[in-house]
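Novice: One file: model.cif (mmCIF, C-alpha atoms).
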data_input
loop_
_atom_site.group_PDB
_atom_site.id
_atom_site.type_symbol
_atom_site.label_atom_id
_atom_site.label_comp_id
_atom_site.auth_asym_id
_atom_site.auth_seq_id
_atom_site.Cartn_x
_atom_site.Cartn_y
_atom_site.Cartn_z
ATOM 1 C CA MET A 992 67.857 -43.526 -52.361
ATOM 2 C CA LYS A 993 68.894 -46.212 -49.869
ATOM 3 C CA LEU A 994 69.191 -43.582 -47.153
ATOM 4 C CA PHE A 995 65.676 -42.335 -47.914
ATOM 5 C CA VAL A 996 64.281 -45.889 -47.694
ATOM 6 C CA PHE A 997 66.079 -46.441 -44.378
ATOM 7 C CA ILE A 998 64.717 -43.196 -42.921
ATOM 8 C CA ALA A 999 61.217 -44.064 -44.132
ATOM 9 C CA PHE A 1000 61.487 -47.485 -42.502
ATOM 10 C CA LEU A 1001 62.539 -45.890 -39.211
ATOM 11 C CA ALA A 1002 59.600 -43.473 -39.418
ATOM 12 C CA VAL A 1003 57.158 -46.341 -39.939
ATOM 13 C CA LEU A 1004 58.736 -48.300 -37.103
ATOM 14 C CA VAL A 1005 58.489 -45.356 -34.722
ATOM 15 C CA THR A 1006 54.842 -44.882 -35.724
ATOM 16 C CA VAL A 1007 54.033 -48.522 -35.062
ATOM 17 C CA VAL A 1008 55.871 -48.584 -31.745
ATOM 18 C CA SER A 1009 54.244 -45.373 -30.557
ATOM 19 C CA ALA A 1010 50.818 -46.917 -31.349
ATOM 20 C CA TRP A 1011 51.055 -49.333 -28.402
ATOM 21 C CA THR A 1012 48.978 -48.156 -25.468
ATOM 22 C CA LYS A 1013 49.130 -48.931 -21.780
ATOM 23 C CA GLU A 1014 46.387 -51.523 -22.251
ATOM 24 C CA ASP A 1015 48.411 -53.154 -25.047
ATOM 25 C CA TYR A 1016 51.408 -53.484 -22.756
ATOM 26 C CA GLU A 1017 49.173 -55.085 -20.149
ATOM 27 C CA ILE A 1018 48.022 -57.649 -22.719
ATOM 28 C CA PHE A 1019 51.648 -58.322 -23.720
ATOM 29 C CA ASP A 1020 52.568 -58.999 -20.086
ATOM 30 C CA LEU A 1021 49.581 -61.283 -19.578
ATOM 31 C CA VAL A 1022 50.317 -63.289 -22.718
ATOM 32 C CA THR A 1023 53.946 -63.753 -21.688
ATOM 33 C CA ALA A 1024 53.066 -64.703 -18.087
ATOM 34 C CA LEU A 1025 50.271 -67.053 -19.195
ATOM 35 C CA GLU A 1026 52.503 -68.966 -21.597
ATOM 36 C CA ALA A 1027 55.245 -69.177 -18.957
ATOM 37 C CA ALA A 1028 52.811 -70.628 -16.348
ATOM 38 C CA GLU A 1029 50.426 -72.725 -18.458
ATOM 39 C CA GLY A 1030 52.556 -73.688 -21.444
ATOM 40 C CA LYS A 1031 53.703 -72.332 -24.783
ATOM 41 C CA GLY A 1032 50.837 -71.321 -27.056
ATOM 42 C CA THR A 1033 48.237 -70.966 -24.299
ATOM 43 C CA THR A 1034 45.746 -68.209 -25.112
ATOM 44 C CA PHE A 1035 43.043 -66.502 -23.071
ATOM 45 C CA TYR A 1036 40.383 -68.567 -24.805
ATOM 46 C CA SER A 1037 42.164 -71.910 -24.584
ATOM 47 C CA TRP A 1038 42.804 -71.380 -20.882
ATOM 48 C CA PHE A 1039 39.113 -70.662 -20.326
ATOM 49 C CA ASP A 1040 38.284 -73.634 -22.584
ATOM 50 C CA VAL A 1041 35.985 -71.545 -24.776
ATOM 51 C CA PRO A 1042 36.131 -70.634 -28.494
ATOM 52 C CA SER A 1043 37.186 -67.180 -29.628
ATOM 53 C CA THR A 1044 33.548 -66.552 -30.621
ATOM 54 C CA ALA A 1045 32.255 -67.213 -27.094
ATOM 55 C CA THR A 1046 29.509 -64.929 -25.799
ATOM 56 C CA PRO A 1047 29.880 -62.919 -22.578
ATOM 57 C CA ALA A 1048 27.591 -65.422 -20.836
ATOM 58 C CA GLU A 1049 29.804 -68.323 -21.913
ATOM 59 C CA ILE A 1050 32.887 -66.458 -20.716
ATOM 60 C CA ASN A 1051 31.271 -65.795 -17.305
ATOM 61 C CA LYS A 1052 30.359 -69.452 -16.969
ATOM 62 C CA ALA A 1053 33.870 -70.550 -17.887
ATOM 63 C CA TYR A 1054 35.368 -68.038 -15.449
ATOM 64 C CA ARG A 1055 33.313 -69.309 -12.521
ATOM 65 C CA LYS A 1056 34.280 -72.882 -13.312
ATOM 66 C CA LYS A 1057 37.965 -72.015 -13.625
ATOM 67 C CA SER A 1058 37.974 -69.894 -10.466
ATOM 68 C CA LEU A 1059 36.654 -72.814 -8.450
ATOM 69 C CA GLN A 1060 39.479 -74.986 -9.761
ATOM 70 C CA LEU A 1061 42.210 -72.430 -9.052
ATOM 71 C CA HIS A 1062 40.946 -70.969 -5.791
ATOM 72 C CA PRO A 1063 43.812 -70.863 -3.258
ATOM 73 C CA ASP A 1064 41.612 -72.330 -0.513
ATOM 74 C CA LYS A 1065 41.155 -75.488 -2.592
ATOM 75 C CA ASN A 1066 44.824 -75.671 -3.502
ATOM 76 C CA PRO A 1067 46.728 -75.133 -0.241
ATOM 77 C CA GLY A 1068 50.487 -75.219 -0.598
ATOM 78 C CA VAL A 1069 50.424 -75.241 -4.405
ATOM 79 C CA LYS A 1070 53.263 -73.083 -5.714
ATOM 80 C CA GLY A 1071 52.159 -70.022 -7.715
ATOM 81 C CA ILE A 1072 48.435 -70.641 -7.146
ATOM 82 C CA HIS A 1073 47.791 -67.096 -5.932
ATOM 83 C CA GLU A 1074 49.419 -65.602 -9.047
ATOM 84 C CA ARG A 1075 47.426 -67.895 -11.346
ATOM 85 C CA PHE A 1076 44.143 -67.057 -9.585
ATOM 86 C CA ALA A 1077 44.825 -63.301 -9.786
ATOM 87 C CA ARG A 1078 45.756 -63.623 -13.461
ATOM 88 C CA LEU A 1079 42.477 -65.429 -14.090
ATOM 89 C CA GLY A 1080 40.515 -62.456 -12.779
ATOM 90 C CA VAL A 1081 42.452 -59.953 -14.906
ATOM 91 C CA ILE A 1082 41.956 -61.984 -18.072
ATOM 92 C CA ALA A 1083 38.243 -62.382 -17.345
ATOM 93 C CA THR A 1084 37.947 -58.595 -16.980
ATOM 94 C CA ILE A 1085 39.582 -58.089 -20.390
ATOM 95 C CA LEU A 1086 37.327 -60.623 -22.112
ATOM 96 C CA LYS A 1087 34.216 -59.122 -20.528
ATOM 97 C CA ASN A 1088 35.077 -55.594 -21.743
ATOM 98 C CA PRO A 1089 34.139 -55.223 -25.446
ATOM 99 C CA GLU A 1090 36.898 -52.677 -26.246
ATOM 100 C CA GLU A 1091 39.652 -54.567 -24.453
ATOM 101 C CA ARG A 1092 38.495 -57.881 -25.904
ATOM 102 C CA LYS A 1093 38.548 -56.367 -29.380
ATOM 103 C CA ARG A 1094 42.135 -55.273 -28.780
ATOM 104 C CA TYR A 1095 43.122 -58.723 -27.553
ATOM 105 C CA ASP A 1096 41.400 -60.368 -30.532
ATOM 106 C CA PHE A 1097 43.629 -58.293 -32.807
ATOM 107 C CA PHE A 1098 46.781 -59.749 -31.229
ATOM 108 C CA TYR A 1099 45.115 -63.172 -31.013
ATOM 109 C CA ALA A 1100 44.610 -63.158 -34.784
ATOM 110 C CA ASN A 1101 47.866 -61.448 -35.825
ATOM 111 C CA GLY A 1102 50.213 -62.519 -33.068
ATOM 112 C CA VAL A 1103 51.848 -60.560 -30.264
ATOM 113 C CA PRO A 1104 54.716 -58.413 -31.635
ATOM 114 C CA LYS A 1105 58.222 -59.460 -30.639
ATOM 115 C CA TRP A 1106 59.488 -55.873 -30.746
ATOM 116 C CA ARG A 1107 57.357 -53.783 -28.420
ATOM 117 C CA GLY A 1108 59.287 -50.545 -28.256
ATOM 118 C CA THR A 1109 62.252 -49.433 -26.189
ATOM 119 C CA GLY A 1110 60.017 -48.031 -23.467
ATOM 120 C CA TYR A 1111 58.444 -51.420 -22.879
ATOM 121 C CA TYR A 1112 61.731 -53.218 -22.304
ATOM 122 C CA TYR A 1113 63.332 -50.334 -20.438
ATOM 123 C CA SER A 1114 60.445 -50.190 -17.935
ATOM 124 C CA ARG A 1115 60.823 -53.920 -17.233
ATOM 125 C CA PHE A 1116 64.541 -54.476 -17.190
ATOM 126 C CA ARG A 1117 65.676 -51.062 -15.864
ATOM 127 C CA PRO A 1118 69.239 -51.154 -17.214
ATOM 128 C CA GLY A 1119 71.886 -49.514 -15.061
ATOM 129 C CA LEU A 1120 74.372 -46.847 -16.062
ATOM 130 C CA GLY A 1121 76.990 -49.435 -16.996
ATOM 131 C CA THR A 1122 74.584 -51.303 -19.276
ATOM 132 C CA VAL A 1123 73.550 -48.068 -20.970
ATOM 133 C CA LEU A 1124 77.193 -47.036 -21.520
ATOM 134 C CA ILE A 1125 78.047 -50.456 -22.955
ATOM 135 C CA PHE A 1126 75.038 -50.288 -25.262
ATOM 136 C CA LEU A 1127 75.956 -46.792 -26.465
ATOM 137 C CA THR A 1128 79.587 -47.816 -26.979
ATOM 138 C CA VAL A 1129 78.617 -50.849 -29.039
ATOM 139 C CA LEU A 1130 76.043 -48.834 -30.975
ATOM 140 C CA THR A 1131 78.352 -45.924 -31.842
ATOM 141 C CA SER A 1132 81.263 -48.239 -32.657
ATOM 142 C CA GLY A 1133 79.018 -50.302 -34.898
ATOM 143 C CA LEU A 1134 77.771 -47.195 -36.690
ATOM 144 C CA GLN A 1135 81.343 -45.964 -37.125
ATOM 145 C CA TYR A 1136 82.358 -49.334 -38.590
ATOM 146 C CA LEU A 1137 79.377 -49.150 -40.925
ATOM 147 C CA VAL A 1138 80.463 -45.695 -42.124
ATOM 148 C CA GLN A 1139 84.015 -46.968 -42.641
ATOM 149 C CA ASN A 1140 82.700 -49.819 -44.751
ATOM 150 C CA MET A 1141 80.537 -47.450 -46.800
ATOM 151 C CA ASN A 1142 83.514 -45.141 -47.406
ATOM 152 C CA TYR A 1143 85.689 -48.127 -48.356
ATOM 153 C CA ASN A 1144 83.175 -49.334 -50.946
ATOM 154 C CA ARG A 1145 82.841 -45.795 -52.300
ATOM 155 C CA ASP A 1146 86.636 -45.461 -52.621
ATOM 156 C CA LEU A 1147 86.863 -48.826 -54.361
ATOM 157 C CA ARG A 1148 84.318 -47.739 -56.947
ATOM 158 C CA ARG A 1149 86.137 -44.441 -57.553
ATOM 159 C CA ILE A 1150 89.524 -46.179 -57.900
ATOM 160 C CA GLU A 1151 88.157 -48.785 -60.301
ATOM 161 C CA GLN A 1152 86.451 -46.074 -62.365
ATOM 162 C CA THR A 1153 89.640 -43.976 -62.487
ATOM 163 C CA ILE A 1154 91.675 -47.002 -63.595
ATOM 164 C CA ARG A 1155 89.162 -47.742 -66.361
ATOM 165 C CA ASP A 1156 89.189 -44.119 -67.529
ATOM 166 C CA ALA A 1157 93.000 -44.047 -67.600
ATOM 167 C CA ARG A 1158 93.199 -47.262 -69.610
ATOM 168 C CA LEU A 1159 90.512 -46.010 -71.966
ATOM 169 C CA ALA A 1160 92.454 -42.789 -72.586
ATOM 170 C CA ALA A 1161 95.690 -44.727 -73.167
ATOM 171 C CA TRP A 1162 94.438 -47.754 -75.107
ATOM 172 C CA GLY A 1163 91.409 -46.372 -76.934
ATOM 173 C CA GLN A 1164 87.938 -47.815 -77.315
ATOM 174 C CA LYS A 1165 89.205 -51.311 -78.109
ATOM 175 C CA MET A 1166 90.885 -51.462 -74.675
ATOM 176 C CA GLU A 1167 93.839 -53.446 -76.029
ATOM 177 C CA PRO A 1168 96.876 -53.136 -73.719
ATOM 178 C CA LEU A 1169 99.938 -51.433 -75.182
ATOM 179 C CA GLN A 1170 103.528 -52.391 -74.401
ATOM 180 C CA VAL A 1171 104.625 -48.750 -74.333
ATOM 181 C CA LYS A 1172 104.175 -46.253 -71.519
ATOM 182 C CA ARG A 1173 101.463 -43.645 -72.117
ATOM 183 C CA LYS A 1174 100.906 -40.424 -70.211
ATOM 184 C CA VAL A 1175 97.258 -39.383 -70.050
ATOM 185 C CA LYS A 1176 94.954 -36.990 -68.240
ATOM 186 C CA VAL A 1177 91.868 -38.334 -66.500
ATOM 187 C CA ASN A 1178 88.823 -36.355 -65.443
ATOM 188 C CA ILE A 1179 88.170 -37.092 -61.758
ATOM 189 C CA GLY A 1180 85.216 -34.727 -61.400
ATOM 190 C CA GLY A 1181 84.698 -31.189 -60.220
ATOM 191 C CA GLY A 1182 83.444 -28.107 -62.021
ATOM 192 C CA PRO A 1183 84.674 -26.924 -65.429
ATOM 193 C CA ARG A 1184 87.963 -25.035 -65.515
ATOM 194 C CA GLN A 1185 90.301 -23.384 -68.010
ATOM 195 C CA ASP A 1186 93.674 -24.898 -68.873
ATOM 196 C CA GLU A 1187 96.913 -23.062 -69.700
ATOM 197 C CA ASP A 1188 95.949 -22.691 -73.366
ATOM 198 C CA GLY A 1189 92.597 -21.133 -72.513
ATOM 199 C CA ASN A 1190 90.607 -24.239 -73.359
ATOM 200 C CA ILE A 1191 87.633 -25.141 -71.185
ATOM 201 C CA ILE A 1192 88.077 -28.489 -69.482
ATOM 202 C CA SER A 1193 85.118 -30.064 -67.756
ATOM 203 C CA GLY A 1194 86.138 -31.220 -64.319
ATOM 204 C CA LYS A 1195 89.420 -31.607 -62.535
ATOM 205 C CA MET A 1196 92.086 -33.422 -64.527
ATOM 206 C CA LEU A 1197 94.660 -35.780 -63.033
ATOM 207 C CA GLU A 1198 97.888 -36.691 -64.784
ATOM 208 C CA MET A 1199 98.427 -40.431 -64.902
ATOM 209 C CA VAL A 1200 100.732 -42.944 -66.556
ATOM 210 C CA VAL A 1201 99.550 -46.252 -68.014
ATOM 211 C CA GLU A 1202 102.220 -48.920 -68.431
ATOM 212 C CA ARG A 1203 100.830 -52.232 -69.607
ATOM 213 C CA ASP A 1204 98.209 -53.209 -66.998
ATOM 214 C CA ASN A 1205 99.552 -50.859 -64.322
ATOM 215 C CA VAL A 1206 98.150 -47.391 -63.763
ATOM 216 C CA TYR A 1207 100.174 -44.752 -61.901
ATOM 217 C CA ILE A 1208 99.392 -41.315 -60.526
ATOM 218 C CA LEU A 1209 102.020 -38.817 -61.629
ATOM 219 C CA ASP A 1210 102.750 -36.102 -59.107
ATOM 220 C CA PRO A 1211 104.425 -32.762 -60.044
ATOM 221 C CA SER A 1212 107.834 -34.007 -58.875
ATOM 222 C CA GLY A 1213 107.751 -36.790 -61.463
ATOM 223 C CA ILE A 1214 107.272 -39.633 -58.980
ATOM 224 C CA MET A 1215 104.749 -42.275 -60.021
ATOM 225 C CA HIS A 1216 102.438 -43.873 -57.457
ATOM 226 C CA LEU A 1217 100.774 -47.164 -58.325
ATOM 227 C CA LEU A 1218 96.992 -46.963 -58.214
ATOM 228 C CA ASP A 1219 95.083 -50.153 -57.399
ATOM 229 C CA THR A 1220 92.334 -51.336 -55.097
ATOM 230 C CA SER A 1221 94.823 -51.752 -52.238
ATOM 231 C CA SER A 1222 95.002 -47.938 -52.108
ATOM 232 C CA ALA A 1223 91.582 -47.896 -50.403
ATOM 233 C CA THR A 1224 91.510 -48.281 -46.642
ATOM 234 C CA PRO A 1225 89.229 -51.168 -45.612
ATOM 235 C CA ALA A 1226 86.985 -50.975 -42.570
ATOM 236 C CA ALA A 1227 88.554 -52.234 -39.353
ATOM 237 C CA ILE A 1228 87.257 -52.756 -35.831
ATOM 238 C CA SER A 1229 90.624 -51.549 -34.533
ATOM 239 C CA ARG A 1230 89.918 -48.090 -36.019
ATOM 240 C CA THR A 1231 86.604 -47.589 -34.244
ATOM 241 C CA TRP A 1232 86.820 -44.947 -31.551
ATOM 242 C CA PHE A 1233 86.601 -47.193 -28.474
ATOM 243 C CA ILE A 1234 89.065 -49.855 -29.650
ATOM 244 C CA ALA A 1235 91.456 -47.144 -30.883
ATOM 245 C CA LEU A 1236 91.197 -45.454 -27.472
ATOM 246 C CA LEU A 1237 92.050 -48.724 -25.720
ATOM 247 C CA ILE A 1238 95.026 -49.345 -28.002
ATOM 248 C CA ASN A 1239 96.388 -45.825 -27.424
ATOM 249 C CA ALA A 1240 95.967 -46.212 -23.664
ATOM 250 C CA ILE A 1241 97.824 -49.543 -23.707
ATOM 251 C CA HIS A 1242 100.670 -48.054 -25.738
ATOM 252 C CA LYS A 1243 100.841 -45.077 -23.385
ATOM 253 C CA PHE A 1244 100.934 -46.977 -20.098
ATOM 254 C CA PHE A 1245 102.747 -50.072 -21.399
ATOM 255 C CA PRO A 1246 105.230 -48.793 -24.005
ATOM 256 C CA SER A 1247 106.834 -51.487 -26.120
ATOM 257 C CA LYS A 1248 110.570 -52.054 -26.347
ATOM 258 C CA LYS A 1249 110.526 -50.793 -29.920
ATOM 259 C CA ASN A 1250 109.054 -47.455 -28.845
ATOM 260 C CA SER A 1251 111.688 -47.134 -26.122
ATOM 261 C CA LEU A 1252 114.510 -47.676 -28.623
ATOM 262 C CA GLU A 1253 112.978 -45.131 -30.996
ATOM 263 C CA ALA A 1254 112.810 -42.622 -28.151
ATOM 264 C CA ASP A 1255 116.512 -43.256 -27.437
ATOM 265 C CA ASP A 1256 117.348 -42.691 -31.106
ATOM 266 C CA GLN A 1257 115.824 -39.232 -30.900
ATOM 267 C CA GLN A 1258 118.402 -38.108 -28.313
ATOM 268 C CA ASP A 1259 121.132 -35.710 -29.492
ATOM 269 C CA PRO A 1260 124.209 -37.812 -30.428
ATOM 270 C CA LEU A 1261 126.558 -34.993 -29.447
ATOM 271 C CA THR A 1262 125.364 -34.644 -25.861
ATOM 272 C CA VAL A 1263 127.960 -37.093 -24.522
ATOM 273 C CA ASP A 1264 130.592 -36.246 -21.938
ATOM 274 C CA ILE A 1265 134.072 -37.429 -22.921
ATOM 275 C CA ASP A 1266 136.296 -37.977 -19.891
ATOM 276 C CA ASP A 1267 139.971 -38.597 -20.645
ATOM 277 C CA GLY A 1268 140.955 -38.767 -16.991
ATOM 278 C CA SER A 1269 142.297 -35.231 -16.924
ATOM 279 C CA ASP A 1270 141.319 -32.740 -14.235
ATOM 280 C CA SER A 1271 141.249 -29.966 -16.782
ATOM 281 C CA PRO A 1272 137.775 -28.460 -17.074
ATOM 282 C CA THR A 1273 138.176 -28.101 -20.819
ATOM 283 C CA SER A 1274 138.965 -31.734 -21.650
ATOM 284 C CA GLY A 1275 136.454 -33.293 -24.059
ATOM 285 C CA ASN A 1276 134.817 -29.960 -25.031
ATOM 286 C CA VAL A 1277 134.427 -28.606 -28.551
ATOM 287 C CA THR A 1278 137.148 -26.151 -29.563
ATOM 288 C CA PRO A 1279 136.742 -23.322 -32.059
ATOM 289 C CA SER A 1280 138.700 -25.327 -34.596
ATOM 290 C CA GLY A 1281 136.178 -28.216 -34.527
ATOM 291 C CA ALA A 1282 135.307 -31.333 -32.555
ATOM 292 C CA THR A 1283 137.585 -33.144 -30.146
ATOM 293 C CA GLU A 1284 139.017 -36.530 -30.996
ATOM 294 C CA GLY A 1285 136.509 -38.351 -28.813
ATOM 295 C CA GLU A 1286 133.565 -36.637 -30.483
ATOM 296 C CA GLU A 1287 134.915 -37.306 -33.971
ATOM 297 C CA THR A 1288 135.208 -40.993 -33.132
ATOM 298 C CA LEU A 1289 131.645 -41.012 -31.800
ATOM 299 C CA GLN A 1290 130.197 -39.296 -34.882
ATOM 300 C CA SER A 1291 132.031 -41.560 -37.336
ATOM 301 C CA GLY A 1292 130.852 -44.618 -35.431
ATOM 302 C CA HIS A 1293 127.273 -43.336 -35.494
ATOM 303 C CA VAL A 1294 127.342 -42.779 -39.265
ATOM 304 C CA ALA A 1295 128.814 -46.234 -39.862
ATOM 305 C CA ALA A 1296 126.125 -47.835 -37.734
ATOM 306 C CA LEU A 1297 123.383 -46.037 -39.644
ATOM 307 C CA LYS A 1298 124.820 -47.072 -42.998
ATOM 308 C CA ALA A 1299 124.992 -50.661 -41.821
ATOM 309 C CA GLY A 1300 121.376 -50.553 -40.833
ATOM 310 C CA GLY A 1301 122.078 -50.998 -37.144
ATOM 311 C CA ARG A 1302 120.887 -49.098 -34.094
ATOM 312 C CA ARG A 1303 122.957 -46.534 -32.213
ATOM 313 C CA ARG A 1304 123.491 -47.163 -28.513
ATOM 314 C CA LYS A 1305 123.876 -44.365 -26.021
ATOM 315 C CA ALA A 1306 127.454 -43.948 -24.869
ATOM 316 C CA PRO A 1307 127.810 -44.644 -21.122
ATOM 317 C CA ARG A 1308 128.502 -41.567 -19.041
ATOM 318 C CA LYS A 1309 131.768 -41.952 -17.196
ATOM 319 C CA ARG A 1310 132.209 -40.566 -13.692
#
Rewrite the structure of this file - the entire thing - as C-alpha cells.

Specialist:
Amino acid sequence: MKLFVFIAFLAVLVTVVSAWTKEDYEIFDLVTALEAAEGKGTTFYSWFDVPSTATPAEINKAYRKKSLQLHPDKNPGVKGIHERFARLGVIATILKNPEERKRYDFFYANGVPKWRGTGYYYSRFRPGLGTVLIFLTVLTSGLQYLVQNMNYNRDLRRIEQTIRDARLAAWGQKMEPLQVKRKVKVNIGGGPRQDEDGNIISGKMLEMVVERDNVYILDPSGIMHLLDTSSATPAAISRTWFIALLINAIHKFFPSKKNSLEADDQQDPLTVDIDDGSDSPTSGNVTPSGATEGEETLQSGHVAALKAGGRRRKAPRKR
C-alpha cells in the first residue's frame, strides 16, 4: 500500500512539473531576478506601483513613468541600470498581454513554486560529468541504504513473530514461562505439505527449542542456535556499493599487517629446507620410512604453537 501511495505521489509530481511551460519558466526567472535586484517580496505590481487590479491604461501609465526613472541616459554610471531597464520592458509586456498576465496572476496569488522541475535547474546550472556522477552515486547509495533498512525492519518483524509463535507453542495460551526445555515446531510460512505420517501440515515447519525466555533454532545435527533480534542485519552505510568498493580497494592496495600474517599462515609448513651442513644432496629430505629429524621437530613445534594459541613463524631458509 505504501509503495502504491509513493508511486501515485511521483505520478502527480511528474504531472505538475510537466505542466510548466516556457512562459512559466520566463516568469520564474523574472520573479527571481526582480527580488534579487529590488528586494525580497517585490512583485510586478509593487514595482510598477499599481494594484493587481490595475487596468491596461494604468499599467501603461506606470510603465512610462518607471521607464523615465530607470532610463540609462538619466542614470549614467549606475551599476546594473541597463539590466533593470530591460527587465522593466519585459515585465510590462507580460502585464499588457491578457494571457500572460493571467498566468502571472496565478503565481502572484498562489506563490512561485520552489521545485520547478529538473529541466529548469539543469538548463540553468549545467552540471558537469563529475557532478552528475556524484549525484548518481549519492542517489543509488541512498536508495540501497533505504532498501537495507526496509529489509532489516522486515527481518525484525519476522524474528519477533517467530519467537512469539515458539513461546506460544511451548507455554500455551497463558504465555507463562516454563523452567523446563520444550521442543516445538513453528510454522514459518509456505504452502501446505505432508509430513512423515501422511498428515497435511499448512506451511513450512521449523524445529525450535524454548528454554525459559530463550528461543533456539534446532538444526538437523542437534546444534541449537539462539534466535533474537540481533540475528537481523541492520542497515549500514559501509555496506552500500560505493563505500564497500572503496573499502575493498583500500584493503587491496594497502593490506593490513593482520592480512599479511594470515597469508603467511596459509603457506605449507613442510616446504622448509633443512640444511645440516652436509654436502650430501639427500640431507634434510623425506625418506620412505617417514620424516627427517629436522622436519619432525618443525611439525611438533608448529602443533605446540597452535595449541598455545600463538602464531607460527616461517623458518628462515639457510644458505

Novice: Residues picked by the PyMOL selection byres ((chain A and resi 1051) around 12) here, as a PyMOL selection string?

Specialist: chain A and resi 1039-1041+1045-1050+1052-1058+1079-1080+1082-1088

Novice: Given the file shown, enumerate the residues that the PyMOL selection byres ((chain A and resi 1145-1148) around 12) captures and present them as a list in words.

Specialist: Val1138, Gln1139, Asn1140, Met1141, Asn1142, Tyr1143, Asn1144, Arg1149, Ile1150, Glu1151, Gln1152, Thr1153, Ile1154, Arg1155, Leu1218, Asp1219, Thr1220, Ser1221, Ser1222, Ala1223, Thr1224, Pro1225 and Ala1226 of chain A

Novice: Tell me which protein, DNA and RNA residues are within 9 Å of region 1196-1200 of chain A, counting only C-alpha atoms, leaving out same-chain ones fewer than 3 positions away, and put them as an MDAnalysis selection string.

Specialist: chainID A and resid 1157 1161 1172:1181 1192:1193 1205:1211 1215

Novice: Need the axis-aligned box for region 1134-1141 of chain A with 5 Å each side, so what are the centre and edges in Å to one decimal, as AutoDock Vina command-line options?

Specialist:
--center_x 80.9 --center_y -47.8 --center_z -41.7 --size_x 16.2 --size_y 14.1 --size_z 20.1

Novice: As an exercise, work out the distance from CA of Phe1035 (chain A) to CA of Thr1012 (chain A) in Å and give it to one decimal place.

Specialist: 19.4 Å

Novice: Within 8 Å of Ala1028 (chain A), counting all atoms listed in the file, which residues show up once you throw out same-chain ones fewer than 3 positions away? Write them as a JSON list (two decimals) with C-alpha atoms, keeping the file's coordinate frame, please.

Specialist:
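Wrote it out as part_17.json, contents follow:
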[["chain", "number", "residue", "atom", "x", "y", "z"],
["A", 1024, "ALA", "CA", 53.07, -64.70, -18.09],
["A", 1025, "LEU", "CA", 50.27, -67.05, -19.20],
["A", 1075, "ARG", "CA", 47.43, -67.90, -11.35]]

Novice: Excluding same-chain residues fewer than 5 positions from Leu1130 (chain A), what lies within 12 Å of it counting all atoms listed in the file, as a list in words?

Specialist: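 Near Leu1130 (chain A), the qualifying residues are Val1123, Leu1124, Ile1125, Gln1135, Tyr1136, Leu1137, Thr1231, Trp1232 and Phe1233 of chain A.
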
Novice: At what distance in Å, to one decimal, does CA of Leu1059 (chain A) lie from CA of Phe1076 (chain A)?

Specialist: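 For CA of Phe1076 (chain A) relative to CA of Leu1059 (chain A), the distance reads 9.5 Å.
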
Novice: Tell me which of A:Tyr1016, A:Glu1090, A:Asp1096, A:Glu1074 sits closest to Glu1029 (chain A), counting all atoms listed in the file.

Specialist: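 Selected residue with least distance to Glu1029 (chain A): A:Glu1074.
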
Novice: Would you work out the distance separating CA of Ala1077 (chain A) from CA of Asn1101 (chain A), expressed in Å to one decimal?

Specialist: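 Atom-to-atom, CA of Ala1077 (chain A) and CA of Asn1101 (chain A) are spaced 26.3 Å apart.
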
Novice: May I ask which of the residues A:Pro1067, A:Tyr1036, A:Gly1121, A:Glu1091 is the closest one to Glu1017 (chain A), counting only C-alpha atoms?

Specialist: A:Glu1091

Novice: If you apply the PyMOL selection byres ((chain A and resi 1015) around 10) to this file, what residues do you get, as a ChimeraX atom specification?

Specialist: /A:1010-1014,1016-1021,1091,1094-1095,1098,1103,1107
